[in-house]
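data-v4.txt, holding compact mmCIF, N, CA and C atoms:
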# COMPACT_ATOMS: atom_id res chain seq x y z
N MET S 152 -19.60 41.32 23.35
CA MET S 152 -18.60 41.69 22.37
C MET S 152 -17.41 40.74 22.43
N LYS S 153 -17.03 40.36 23.64
CA LYS S 153 -15.90 39.44 23.82
C LYS S 153 -16.19 38.10 23.13
N ASN S 154 -17.44 37.58 23.24
CA ASN S 154 -17.81 36.31 22.61
C ASN S 154 -17.74 36.40 21.09
N VAL S 155 -18.12 37.53 20.52
CA VAL S 155 -18.05 37.71 19.07
C VAL S 155 -16.60 37.67 18.62
N PHE S 156 -15.72 38.34 19.37
CA PHE S 156 -14.29 38.35 19.03
C PHE S 156 -13.72 36.92 19.07
N ILE S 157 -14.06 36.16 20.08
CA ILE S 157 -13.59 34.78 20.21
C ILE S 157 -14.11 33.94 19.04
N LEU S 158 -15.38 34.11 18.69
CA LEU S 158 -15.96 33.37 17.56
C LEU S 158 -15.23 33.70 16.26
N ILE S 159 -14.94 34.98 16.02
CA ILE S 159 -14.22 35.39 14.80
C ILE S 159 -12.81 34.80 14.81
N LEU S 160 -12.14 34.81 15.95
CA LEU S 160 -10.79 34.26 16.07
C LEU S 160 -10.78 32.76 15.79
N VAL S 161 -11.76 32.03 16.32
CA VAL S 161 -11.85 30.59 16.09
C VAL S 161 -12.11 30.31 14.61
N MET S 162 -13.00 31.05 13.99
CA MET S 162 -13.29 30.86 12.57
C MET S 162 -12.07 31.16 11.71
N ALA S 163 -11.35 32.21 12.03
CA ALA S 163 -10.18 32.58 11.23
C ALA S 163 -9.07 31.55 11.36
N THR S 164 -8.82 31.06 12.55
CA THR S 164 -7.74 30.08 12.73
C THR S 164 -8.11 28.71 12.18
N SER S 165 -9.39 28.42 12.06
CA SER S 165 -9.78 27.12 11.51
C SER S 165 -9.55 27.07 10.00
N CYS S 166 -9.33 28.19 9.37
CA CYS S 166 -9.07 28.24 7.92
C CYS S 166 -7.59 28.07 7.60
N ILE S 167 -6.72 28.09 8.59
CA ILE S 167 -5.29 27.94 8.35
C ILE S 167 -5.01 26.49 7.97
N LYS S 168 -4.25 26.30 6.91
CA LYS S 168 -3.97 24.95 6.42
C LYS S 168 -2.87 24.32 7.28
N GLU S 169 -3.21 23.23 7.92
CA GLU S 169 -2.28 22.47 8.76
C GLU S 169 -1.79 21.26 7.98
N PRO S 170 -0.60 20.74 8.31
CA PRO S 170 -0.19 19.48 7.69
C PRO S 170 -1.22 18.41 7.98
N ILE S 171 -1.49 17.56 7.02
CA ILE S 171 -2.55 16.56 7.15
C ILE S 171 -2.12 15.40 8.03
N GLY S 172 -0.86 15.04 8.01
CA GLY S 172 -0.42 13.91 8.82
C GLY S 172 0.87 13.34 8.32
N ASP S 173 1.21 12.17 8.79
CA ASP S 173 2.44 11.51 8.38
C ASP S 173 2.43 11.27 6.88
N SER S 174 3.61 11.29 6.29
CA SER S 174 3.76 11.06 4.86
C SER S 174 4.39 9.69 4.65
N THR S 175 3.80 8.90 3.75
CA THR S 175 4.29 7.56 3.48
C THR S 175 4.49 7.37 1.98
N VAL S 176 5.65 6.85 1.60
CA VAL S 176 5.91 6.45 0.22
C VAL S 176 6.10 4.94 0.24
N THR S 177 5.36 4.24 -0.61
CA THR S 177 5.49 2.79 -0.71
C THR S 177 5.78 2.44 -2.15
N ARG S 178 6.83 1.63 -2.34
CA ARG S 178 7.22 1.19 -3.67
C ARG S 178 7.01 -0.31 -3.80
N LEU S 179 6.41 -0.71 -4.92
CA LEU S 179 6.29 -2.11 -5.27
C LEU S 179 7.18 -2.32 -6.47
N ILE S 180 8.21 -3.14 -6.31
CA ILE S 180 9.19 -3.39 -7.37
C ILE S 180 8.97 -4.79 -7.90
N ASN S 181 8.89 -4.91 -9.21
CA ASN S 181 8.67 -6.22 -9.81
C ASN S 181 9.97 -6.72 -10.44
N ASN S 182 10.64 -7.61 -9.74
CA ASN S 182 11.84 -8.28 -10.25
C ASN S 182 11.59 -9.79 -10.36
N SER S 183 10.34 -10.16 -10.61
CA SER S 183 9.95 -11.57 -10.61
C SER S 183 10.30 -12.29 -11.91
N GLY S 184 10.55 -11.53 -12.97
CA GLY S 184 10.78 -12.14 -14.28
C GLY S 184 9.50 -12.24 -15.10
N HIS S 185 8.37 -11.77 -14.54
CA HIS S 185 7.07 -11.83 -15.21
C HIS S 185 6.29 -10.56 -14.92
N SER S 186 5.45 -10.13 -15.87
CA SER S 186 4.52 -9.04 -15.58
C SER S 186 3.52 -9.53 -14.53
N ILE S 187 3.08 -8.62 -13.69
CA ILE S 187 2.17 -8.95 -12.59
C ILE S 187 0.89 -8.14 -12.72
N GLU S 188 -0.23 -8.82 -12.51
CA GLU S 188 -1.52 -8.14 -12.38
C GLU S 188 -1.94 -8.30 -10.93
N MET S 189 -2.25 -7.20 -10.27
CA MET S 189 -2.72 -7.23 -8.89
C MET S 189 -4.22 -6.91 -8.90
N GLN S 190 -5.03 -7.88 -8.50
CA GLN S 190 -6.47 -7.67 -8.39
C GLN S 190 -6.79 -7.41 -6.93
N ILE S 191 -7.32 -6.24 -6.64
CA ILE S 191 -7.53 -5.80 -5.26
C ILE S 191 -8.99 -6.03 -4.87
N TYR S 192 -9.19 -6.64 -3.67
CA TYR S 192 -10.52 -6.96 -3.16
C TYR S 192 -10.72 -6.31 -1.80
N ARG S 193 -11.92 -5.75 -1.60
CA ARG S 193 -12.34 -5.20 -0.31
C ARG S 193 -13.65 -5.85 0.07
N ASN S 194 -13.71 -6.38 1.28
CA ASN S 194 -14.92 -7.07 1.76
C ASN S 194 -15.37 -8.14 0.77
N GLY S 195 -14.40 -8.81 0.17
CA GLY S 195 -14.70 -9.88 -0.76
C GLY S 195 -15.13 -9.42 -2.14
N GLU S 196 -15.21 -8.11 -2.36
CA GLU S 196 -15.66 -7.55 -3.64
C GLU S 196 -14.47 -7.03 -4.42
N PHE S 197 -14.42 -7.38 -5.71
CA PHE S 197 -13.37 -6.88 -6.59
C PHE S 197 -13.45 -5.36 -6.65
N GLN S 198 -12.29 -4.68 -6.53
CA GLN S 198 -12.25 -3.23 -6.54
C GLN S 198 -11.50 -2.66 -7.76
N SER S 199 -10.29 -3.16 -8.00
CA SER S 199 -9.49 -2.57 -9.07
C SER S 199 -8.33 -3.48 -9.44
N VAL S 200 -7.68 -3.12 -10.53
CA VAL S 200 -6.52 -3.86 -11.03
C VAL S 200 -5.35 -2.90 -11.19
N THR S 201 -4.18 -3.36 -10.81
CA THR S 201 -2.94 -2.64 -11.07
C THR S 201 -1.99 -3.60 -11.75
N ILE S 202 -1.33 -3.13 -12.80
CA ILE S 202 -0.38 -3.96 -13.53
C ILE S 202 1.02 -3.38 -13.33
N ILE S 203 1.96 -4.27 -13.02
CA ILE S 203 3.36 -3.86 -12.90
C ILE S 203 4.17 -4.76 -13.83
N ASP S 204 4.72 -4.19 -14.86
CA ASP S 204 5.55 -4.96 -15.78
C ASP S 204 6.85 -5.37 -15.10
N ASN S 205 7.49 -6.41 -15.63
CA ASN S 205 8.75 -6.88 -15.08
C ASN S 205 9.79 -5.75 -15.12
N ASN S 206 10.59 -5.68 -14.07
CA ASN S 206 11.64 -4.66 -13.91
C ASN S 206 11.09 -3.24 -13.86
N LYS S 207 9.85 -3.09 -13.37
CA LYS S 207 9.24 -1.77 -13.20
C LYS S 207 8.83 -1.59 -11.75
N THR S 208 8.57 -0.34 -11.39
CA THR S 208 8.19 0.02 -10.02
C THR S 208 6.89 0.80 -10.04
N LYS S 209 6.01 0.50 -9.09
CA LYS S 209 4.79 1.27 -8.86
C LYS S 209 4.96 1.96 -7.53
N GLU S 210 4.69 3.26 -7.48
CA GLU S 210 4.89 4.03 -6.26
C GLU S 210 3.57 4.63 -5.80
N TYR S 211 3.33 4.54 -4.50
CA TYR S 211 2.14 5.11 -3.87
C TYR S 211 2.59 6.13 -2.84
N ARG S 212 1.90 7.27 -2.79
CA ARG S 212 2.18 8.31 -1.79
C ARG S 212 0.92 8.57 -0.98
N TYR S 213 1.10 8.63 0.32
CA TYR S 213 -0.01 8.87 1.24
C TYR S 213 0.39 9.95 2.22
N GLY S 214 -0.62 10.63 2.76
CA GLY S 214 -0.40 11.58 3.84
C GLY S 214 0.19 12.88 3.37
N GLY S 215 0.58 13.71 4.37
CA GLY S 215 1.11 15.01 4.03
C GLY S 215 0.13 15.74 3.13
N GLU S 216 0.62 16.31 2.07
CA GLU S 216 -0.24 17.02 1.14
C GLU S 216 -1.02 16.07 0.23
N ALA S 217 -0.66 14.77 0.21
CA ALA S 217 -1.34 13.82 -0.66
C ALA S 217 -2.74 13.49 -0.18
N GLY S 218 -3.01 13.68 1.12
CA GLY S 218 -4.38 13.52 1.58
C GLY S 218 -4.63 12.53 2.68
N ALA S 219 -4.19 11.29 2.58
CA ALA S 219 -4.49 10.29 3.60
C ALA S 219 -3.56 10.47 4.79
N VAL S 220 -3.99 9.98 5.93
CA VAL S 220 -3.21 10.12 7.15
C VAL S 220 -2.63 8.76 7.53
N GLY S 221 -1.42 8.77 8.06
CA GLY S 221 -0.87 7.56 8.64
C GLY S 221 0.11 6.83 7.74
N THR S 222 0.40 5.62 8.12
CA THR S 222 1.43 4.83 7.44
C THR S 222 0.81 3.65 6.71
N THR S 223 -0.33 3.88 6.10
CA THR S 223 -1.05 2.82 5.40
C THR S 223 -0.21 2.26 4.26
N LEU S 224 -0.18 0.94 4.14
CA LEU S 224 0.50 0.32 3.01
C LEU S 224 -0.41 0.37 1.79
N PRO S 225 0.17 0.28 0.62
CA PRO S 225 -0.61 0.53 -0.59
C PRO S 225 -1.50 -0.61 -0.97
N PRO S 226 -2.33 -0.41 -1.91
CA PRO S 226 -3.45 0.54 -1.79
C PRO S 226 -4.45 -0.12 -0.90
N PHE S 227 -3.97 -0.55 0.22
CA PHE S 227 -4.57 -1.64 0.94
C PHE S 227 -5.37 -1.24 2.15
N SER S 228 -6.49 -0.71 1.87
CA SER S 228 -7.58 -0.79 2.82
C SER S 228 -8.35 -2.02 2.36
N ALA S 229 -7.66 -2.84 1.59
CA ALA S 229 -8.22 -4.07 1.03
C ALA S 229 -8.08 -5.20 2.04
N ASP S 230 -8.78 -6.31 1.74
CA ASP S 230 -8.62 -7.48 2.61
C ASP S 230 -7.82 -8.57 1.93
N SER S 231 -7.67 -8.49 0.59
CA SER S 231 -6.85 -9.48 -0.10
C SER S 231 -6.46 -8.94 -1.48
N VAL S 232 -5.39 -9.50 -2.00
CA VAL S 232 -4.92 -9.14 -3.34
C VAL S 232 -4.55 -10.44 -4.05
N ARG S 233 -5.09 -10.61 -5.24
CA ARG S 233 -4.72 -11.77 -6.06
C ARG S 233 -3.61 -11.33 -6.98
N ILE S 234 -2.47 -12.01 -6.88
CA ILE S 234 -1.32 -11.71 -7.72
C ILE S 234 -1.32 -12.71 -8.87
N ILE S 235 -1.36 -12.20 -10.10
CA ILE S 235 -1.34 -13.05 -11.28
C ILE S 235 -0.04 -12.80 -12.04
N TYR S 236 0.76 -13.83 -12.14
CA TYR S 236 1.97 -13.79 -12.96
C TYR S 236 1.52 -14.22 -14.36
N TYR S 237 1.49 -13.30 -15.28
CA TYR S 237 0.82 -13.48 -16.56
C TYR S 237 0.94 -14.86 -17.18
N GLU S 238 -0.23 -15.45 -17.30
CA GLU S 238 -0.43 -16.72 -17.99
C GLU S 238 0.41 -17.87 -17.43
N LYS S 239 0.90 -17.69 -16.22
CA LYS S 239 1.74 -18.72 -15.61
C LYS S 239 1.16 -19.25 -14.31
N ALA S 240 0.81 -18.35 -13.40
CA ALA S 240 0.34 -18.76 -12.07
C ALA S 240 -0.32 -17.57 -11.38
N SER S 241 -1.10 -17.86 -10.34
CA SER S 241 -1.66 -16.80 -9.51
C SER S 241 -1.69 -17.28 -8.06
N ILE S 242 -1.69 -16.32 -7.15
CA ILE S 242 -1.70 -16.65 -5.73
C ILE S 242 -2.34 -15.50 -4.97
N TRP S 243 -3.00 -15.82 -3.85
CA TRP S 243 -3.66 -14.80 -3.03
C TRP S 243 -2.73 -14.31 -1.94
N HIS S 244 -2.68 -12.99 -1.76
CA HIS S 244 -2.00 -12.38 -0.63
C HIS S 244 -3.08 -11.87 0.32
N THR S 245 -3.03 -12.31 1.57
CA THR S 245 -4.02 -11.94 2.57
C THR S 245 -3.31 -11.50 3.84
N LYS S 246 -4.10 -11.17 4.84
CA LYS S 246 -3.55 -10.80 6.15
C LYS S 246 -3.34 -12.02 7.04
N ASP S 247 -3.64 -13.20 6.53
CA ASP S 247 -3.52 -14.45 7.28
C ASP S 247 -2.04 -14.83 7.40
N GLU S 248 -1.51 -14.75 8.60
CA GLU S 248 -0.09 -15.08 8.81
C GLU S 248 0.17 -16.58 8.72
N ASN S 249 -0.89 -17.40 8.68
CA ASN S 249 -0.73 -18.85 8.55
C ASN S 249 -0.83 -19.32 7.10
N SER S 250 -0.92 -18.39 6.18
CA SER S 250 -0.99 -18.71 4.76
C SER S 250 0.32 -19.37 4.33
N PRO S 251 0.29 -20.23 3.30
CA PRO S 251 1.53 -20.84 2.83
C PRO S 251 2.46 -19.85 2.13
N VAL S 252 1.97 -18.66 1.83
CA VAL S 252 2.79 -17.63 1.19
C VAL S 252 3.77 -17.09 2.23
N SER S 253 5.06 -17.11 1.90
CA SER S 253 6.07 -16.69 2.88
C SER S 253 6.06 -15.17 3.09
N ARG S 254 5.64 -14.42 2.09
CA ARG S 254 5.51 -12.96 2.22
C ARG S 254 4.19 -12.55 1.60
N SER S 255 3.60 -11.46 2.10
CA SER S 255 2.31 -10.99 1.60
C SER S 255 2.30 -9.48 1.52
N LEU S 256 1.73 -8.96 0.44
CA LEU S 256 1.55 -7.51 0.32
C LEU S 256 0.72 -6.95 1.46
N MET S 257 -0.06 -7.80 2.09
CA MET S 257 -0.98 -7.36 3.13
C MET S 257 -0.35 -7.29 4.52
N LEU S 258 0.90 -7.74 4.65
CA LEU S 258 1.56 -7.77 5.95
C LEU S 258 2.75 -6.82 5.98
N GLU S 259 2.75 -5.90 6.90
CA GLU S 259 3.84 -4.93 7.02
C GLU S 259 5.19 -5.62 7.20
N SER S 260 5.19 -6.79 7.82
CA SER S 260 6.44 -7.52 8.05
C SER S 260 7.09 -7.99 6.75
N SER S 261 6.37 -7.96 5.64
CA SER S 261 6.91 -8.38 4.34
C SER S 261 7.60 -7.24 3.60
N TYR S 262 7.55 -6.05 4.16
CA TYR S 262 8.14 -4.87 3.52
C TYR S 262 9.47 -4.52 4.17
N GLU S 263 10.35 -3.92 3.38
CA GLU S 263 11.58 -3.33 3.90
C GLU S 263 11.31 -1.86 4.14
N GLY S 264 12.04 -1.29 5.09
CA GLY S 264 11.91 0.14 5.33
C GLY S 264 11.20 0.42 6.62
N GLY S 265 10.75 1.66 6.74
CA GLY S 265 10.08 2.12 7.94
C GLY S 265 10.20 3.61 8.06
N LYS S 266 10.34 4.09 9.26
CA LYS S 266 10.40 5.52 9.52
C LYS S 266 11.71 6.09 9.00
N THR S 267 11.62 7.17 8.22
CA THR S 267 12.82 7.81 7.66
C THR S 267 13.04 9.21 8.19
N GLY S 268 12.07 9.75 8.87
CA GLY S 268 12.18 11.10 9.43
C GLY S 268 11.12 11.29 10.49
N ASP S 269 10.98 12.53 10.96
CA ASP S 269 10.01 12.80 12.03
C ASP S 269 8.60 12.36 11.66
N ASN S 270 8.17 12.65 10.46
CA ASN S 270 6.82 12.31 10.05
C ASN S 270 6.79 11.61 8.70
N THR S 271 7.87 10.96 8.33
CA THR S 271 7.94 10.32 7.01
C THR S 271 8.30 8.84 7.13
N TYR S 272 7.70 8.06 6.23
CA TYR S 272 7.92 6.62 6.19
C TYR S 272 8.12 6.20 4.75
N GLU S 273 8.98 5.19 4.54
CA GLU S 273 9.16 4.60 3.22
C GLU S 273 9.18 3.09 3.37
N PHE S 274 8.37 2.42 2.52
CA PHE S 274 8.29 0.97 2.52
C PHE S 274 8.53 0.46 1.10
N THR S 275 9.19 -0.69 0.99
CA THR S 275 9.44 -1.30 -0.32
C THR S 275 9.10 -2.79 -0.25
N TYR S 276 8.34 -3.24 -1.23
CA TYR S 276 8.06 -4.66 -1.40
C TYR S 276 8.58 -5.03 -2.77
N THR S 277 9.43 -6.05 -2.84
CA THR S 277 10.02 -6.48 -4.11
C THR S 277 9.53 -7.88 -4.44
N PHE S 278 8.86 -8.00 -5.60
CA PHE S 278 8.48 -9.31 -6.11
C PHE S 278 9.74 -9.96 -6.69
N THR S 279 10.01 -11.20 -6.31
CA THR S 279 11.23 -11.90 -6.71
C THR S 279 10.90 -13.16 -7.50
N PRO S 280 11.89 -13.76 -8.15
CA PRO S 280 11.66 -15.06 -8.80
C PRO S 280 11.17 -16.12 -7.80
N GLU S 281 11.58 -16.01 -6.54
CA GLU S 281 11.12 -16.95 -5.51
C GLU S 281 9.62 -16.80 -5.27
N ASP S 282 9.11 -15.57 -5.35
CA ASP S 282 7.66 -15.35 -5.21
C ASP S 282 6.91 -16.05 -6.34
N PHE S 283 7.46 -15.96 -7.55
CA PHE S 283 6.84 -16.63 -8.69
C PHE S 283 6.85 -18.15 -8.48
N GLU S 284 7.97 -18.69 -8.02
CA GLU S 284 8.06 -20.14 -7.76
C GLU S 284 7.05 -20.56 -6.69
N GLU S 285 6.87 -19.73 -5.69
CA GLU S 285 5.90 -20.01 -4.64
C GLU S 285 4.48 -20.02 -5.21
N ALA S 286 4.19 -19.11 -6.13
CA ALA S 286 2.87 -19.08 -6.79
C ALA S 286 2.65 -20.36 -7.60
N LEU S 287 3.70 -20.85 -8.26
CA LEU S 287 3.58 -22.10 -8.99
C LEU S 287 3.28 -23.26 -8.05
N LYS S 288 3.90 -23.24 -6.87
CA LYS S 288 3.76 -24.34 -5.92
C LYS S 288 2.43 -24.30 -5.16
N PHE S 289 2.05 -23.13 -4.66
CA PHE S 289 0.87 -23.01 -3.78
C PHE S 289 -0.33 -22.36 -4.42
N GLY S 290 -0.16 -21.75 -5.57
CA GLY S 290 -1.23 -20.96 -6.17
C GLY S 290 -2.18 -21.76 -7.03
N GLU S 291 -2.93 -21.00 -7.78
CA GLU S 291 -3.98 -21.56 -8.63
C GLU S 291 -3.44 -21.83 -10.03
Here is the file; what I need is its structure written in the form of structure tokens.
Amino acid sequence: MKNVFILILVMATSCIKEPIGDSTVTRLINNSGHSIEMQIYRNGEFQSVTIIDNNKTKEYRYGGEAGAVGTTLPPFSADSVRIIYYEKASIWHTKDENSPVSRSLMLESSYEGGKTGDNTYEFTYTFTPEDFEEALKFGE
């Protein structure tokens, strides 16, 4: 009888909704002077496109009630992102710290922000006119 009671107690407590994990908000701000197309690649395979018009912000939420756990940067379980400044230039952002790109969406060090509370994080990446100039110089 004692084992049945323990089994019922374990089953009942496993149905209680617990917080999923740390909550992260990541903002990508486009102040480059050009609309941006972000082509996202995983394992070398094209996955999706996100467009951010000039002077606009794209926001990603992770963790907590949103579902994912941790402080993952957006939407980057990817290995690279091709940034296209409409009809002007394009450049690859990768995890390679030796890349000629001075900042990369794929590197946490390129973001501003960090921990804002016990279980909350906020990161911001701002595309600038200098990023566009760098794409003209080093990009395709």
Need to verify the contact set: stretch 240-257 of chain S, 5 Å, all atoms listed in the file, exclusion of same-chain residues closer than 4 positions in sequence. Can you return it as a list in words?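 Skipping anything fewer than 4 positions along the chain leaves Ser231, Val232, Arg233, Ile234, Ile235, Tyr236, Gly290 and Glu291 of chain S.
For the atom pair formed by atom CA of S:Arg178 and atom C of S:Lys288, the distance is 26.0 Å, given to one decimal.
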Restricting the calculation to all atoms listed in the file: of S:Ser260, S:Asp230, S:Gly214, S:Thr177, which residue gets closest to S:Asn194?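 Of S:Ser260, S:Asp230, S:Gly214, S:Thr177, the one nearest S:Asn194 is S:Asp230, counting all atoms listed in the file.
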Please measure the separation of atom C of S:Thr201 and atom CA of S:Tyr262, giving the value in Å to one decimal.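 Between atom C of S:Thr201 and atom CA of S:Tyr262 the gap works out to 18.4 Å.
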Residue nearest S:Lys207 among S:Ala229, S:Ala286, S:Ile187, S:Ile180 (counting only C-alpha atoms):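 Of all the options, S:Ile180 lies closest to S:Lys207.
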What gap, in Å, lies between atom CA of S:Gly268 and atom CA of S:Leu179?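 One can read the atom CA of S:Gly268 to atom CA of S:Leu179 distance as 20.6 Å.
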Give me the residues near stretch 270-283 of chain S as a PDB file with N, CA and C atoms, in the coordinates of the input, where near means some atom within 7 Å (using all atoms listed in the file) and where sequence neighbours in that chain fewer than 6 positions away do not count.
ATOM      1  N   GLY S 172      -0.860  15.040   8.010  1.00  0.00           N
ATOM      2  CA  GLY S 172      -0.420  13.910   8.820  1.00  0.00           C
ATOM      3  C   GLY S 172       0.870  13.340   8.320  1.00  0.00           C
ATOM      4  N   ASP S 173       1.210  12.170   8.790  1.00  0.00           N
ATOM      5  CA  ASP S 173       2.440  11.510   8.380  1.00  0.00           C
ATOM      6  C   ASP S 173       2.430  11.270   6.880  1.00  0.00           C
ATOM      7  N   SER S 174       3.610  11.290   6.290  1.00  0.00           N
ATOM      8  CA  SER S 174       3.760  11.060   4.860  1.00  0.00           C
ATOM      9  C   SER S 174       4.390   9.690   4.650  1.00  0.00           C
ATOM     10  N   THR S 175       3.800   8.900   3.750  1.00  0.00           N
ATOM     11  CA  THR S 175       4.290   7.560   3.480  1.00  0.00           C
ATOM     12  C   THR S 175       4.490   7.370   1.980  1.00  0.00           C
ATOM     13  N   VAL S 176       5.650   6.850   1.600  1.00  0.00           N
ATOM     14  CA  VAL S 176       5.910   6.450   0.220  1.00  0.00           C
ATOM     15  C   VAL S 176       6.100   4.940   0.240  1.00  0.00           C
ATOM     16  N   THR S 177       5.360   4.240  -0.610  1.00  0.00           N
ATOM     17  CA  THR S 177       5.490   2.790  -0.710  1.00  0.00           C
ATOM     18  C   THR S 177       5.780   2.440  -2.150  1.00  0.00           C
ATOM     19  N   ARG S 178       6.830   1.630  -2.340  1.00  0.00           N
ATOM     20  CA  ARG S 178       7.220   1.190  -3.670  1.00  0.00           C
ATOM     21  C   ARG S 178       7.010  -0.310  -3.800  1.00  0.00           C
ATOM     22  N   LEU S 179       6.410  -0.710  -4.920  1.00  0.00           N
ATOM     23  CA  LEU S 179       6.290  -2.110  -5.270  1.00  0.00           C
ATOM     24  C   LEU S 179       7.180  -2.320  -6.470  1.00  0.00           C
ATOM     25  N   ILE S 180       8.210  -3.140  -6.310  1.00  0.00           N
ATOM     26  CA  ILE S 180       9.190  -3.390  -7.370  1.00  0.00           C
ATOM     27  C   ILE S 180       8.970  -4.790  -7.900  1.00  0.00           C
ATOM     28  N   ASN S 181       8.890  -4.910  -9.210  1.00  0.00           N
ATOM     29  CA  ASN S 181       8.670  -6.220  -9.810  1.00  0.00           C
ATOM     30  C   ASN S 181       9.970  -6.720 -10.440  1.00  0.00           C
ATOM     31  N   ASN S 182      10.640  -7.610  -9.740  1.00  0.00           N
ATOM     32  CA  ASN S 182      11.840  -8.280 -10.250  1.00  0.00           C
ATOM     33  C   ASN S 182      11.590  -9.790 -10.360  1.00  0.00           C
ATOM     34  N   SER S 183      10.340 -10.160 -10.610  1.00  0.00           N
ATOM     35  CA  SER S 183       9.950 -11.570 -10.610  1.00  0.00           C
ATOM     36  C   SER S 183      10.300 -12.290 -11.910  1.00  0.00           C
ATOM     37  N   GLY S 184      10.550 -11.530 -12.970  1.00  0.00           N
ATOM     38  CA  GLY S 184      10.780 -12.140 -14.280  1.00  0.00           C
ATOM     39  C   GLY S 184       9.500 -12.240 -15.100  1.00  0.00           C
ATOM     40  N   THR S 222       0.400   5.620   8.120  1.00  0.00           N
ATOM     41  CA  THR S 222       1.430   4.830   7.440  1.00  0.00           C
ATOM     42  C   THR S 222       0.810   3.650   6.710  1.00  0.00           C
ATOM     43  N   SER S 261       6.370  -7.960   5.640  1.00  0.00           N
ATOM     44  CA  SER S 261       6.910  -8.380   4.340  1.00  0.00           C
ATOM     45  C   SER S 261       7.600  -7.240   3.600  1.00  0.00           C
ATOM     46  N   TYR S 262       7.550  -6.050   4.160  1.00  0.00           N
ATOM     47  CA  TYR S 262       8.140  -4.870   3.520  1.00  0.00           C
ATOM     48  C   TYR S 262       9.470  -4.520   4.170  1.00  0.00           C
ATOM     49  N   GLU S 263      10.350  -3.920   3.380  1.00  0.00           N
ATOM     50  CA  GLU S 263      11.580  -3.330   3.900  1.00  0.00           C
ATOM     51  C   GLU S 263      11.310  -1.860   4.140  1.00  0.00           C
ATOM     52  N   GLY S 264      12.040  -1.290   5.090  1.00  0.00           N
ATOM     53  CA  GLY S 264      11.910   0.140   5.330  1.00  0.00           C
ATOM     54  C   GLY S 264      11.200   0.420   6.620  1.00  0.00           C
TER      55      GLY S 264
END
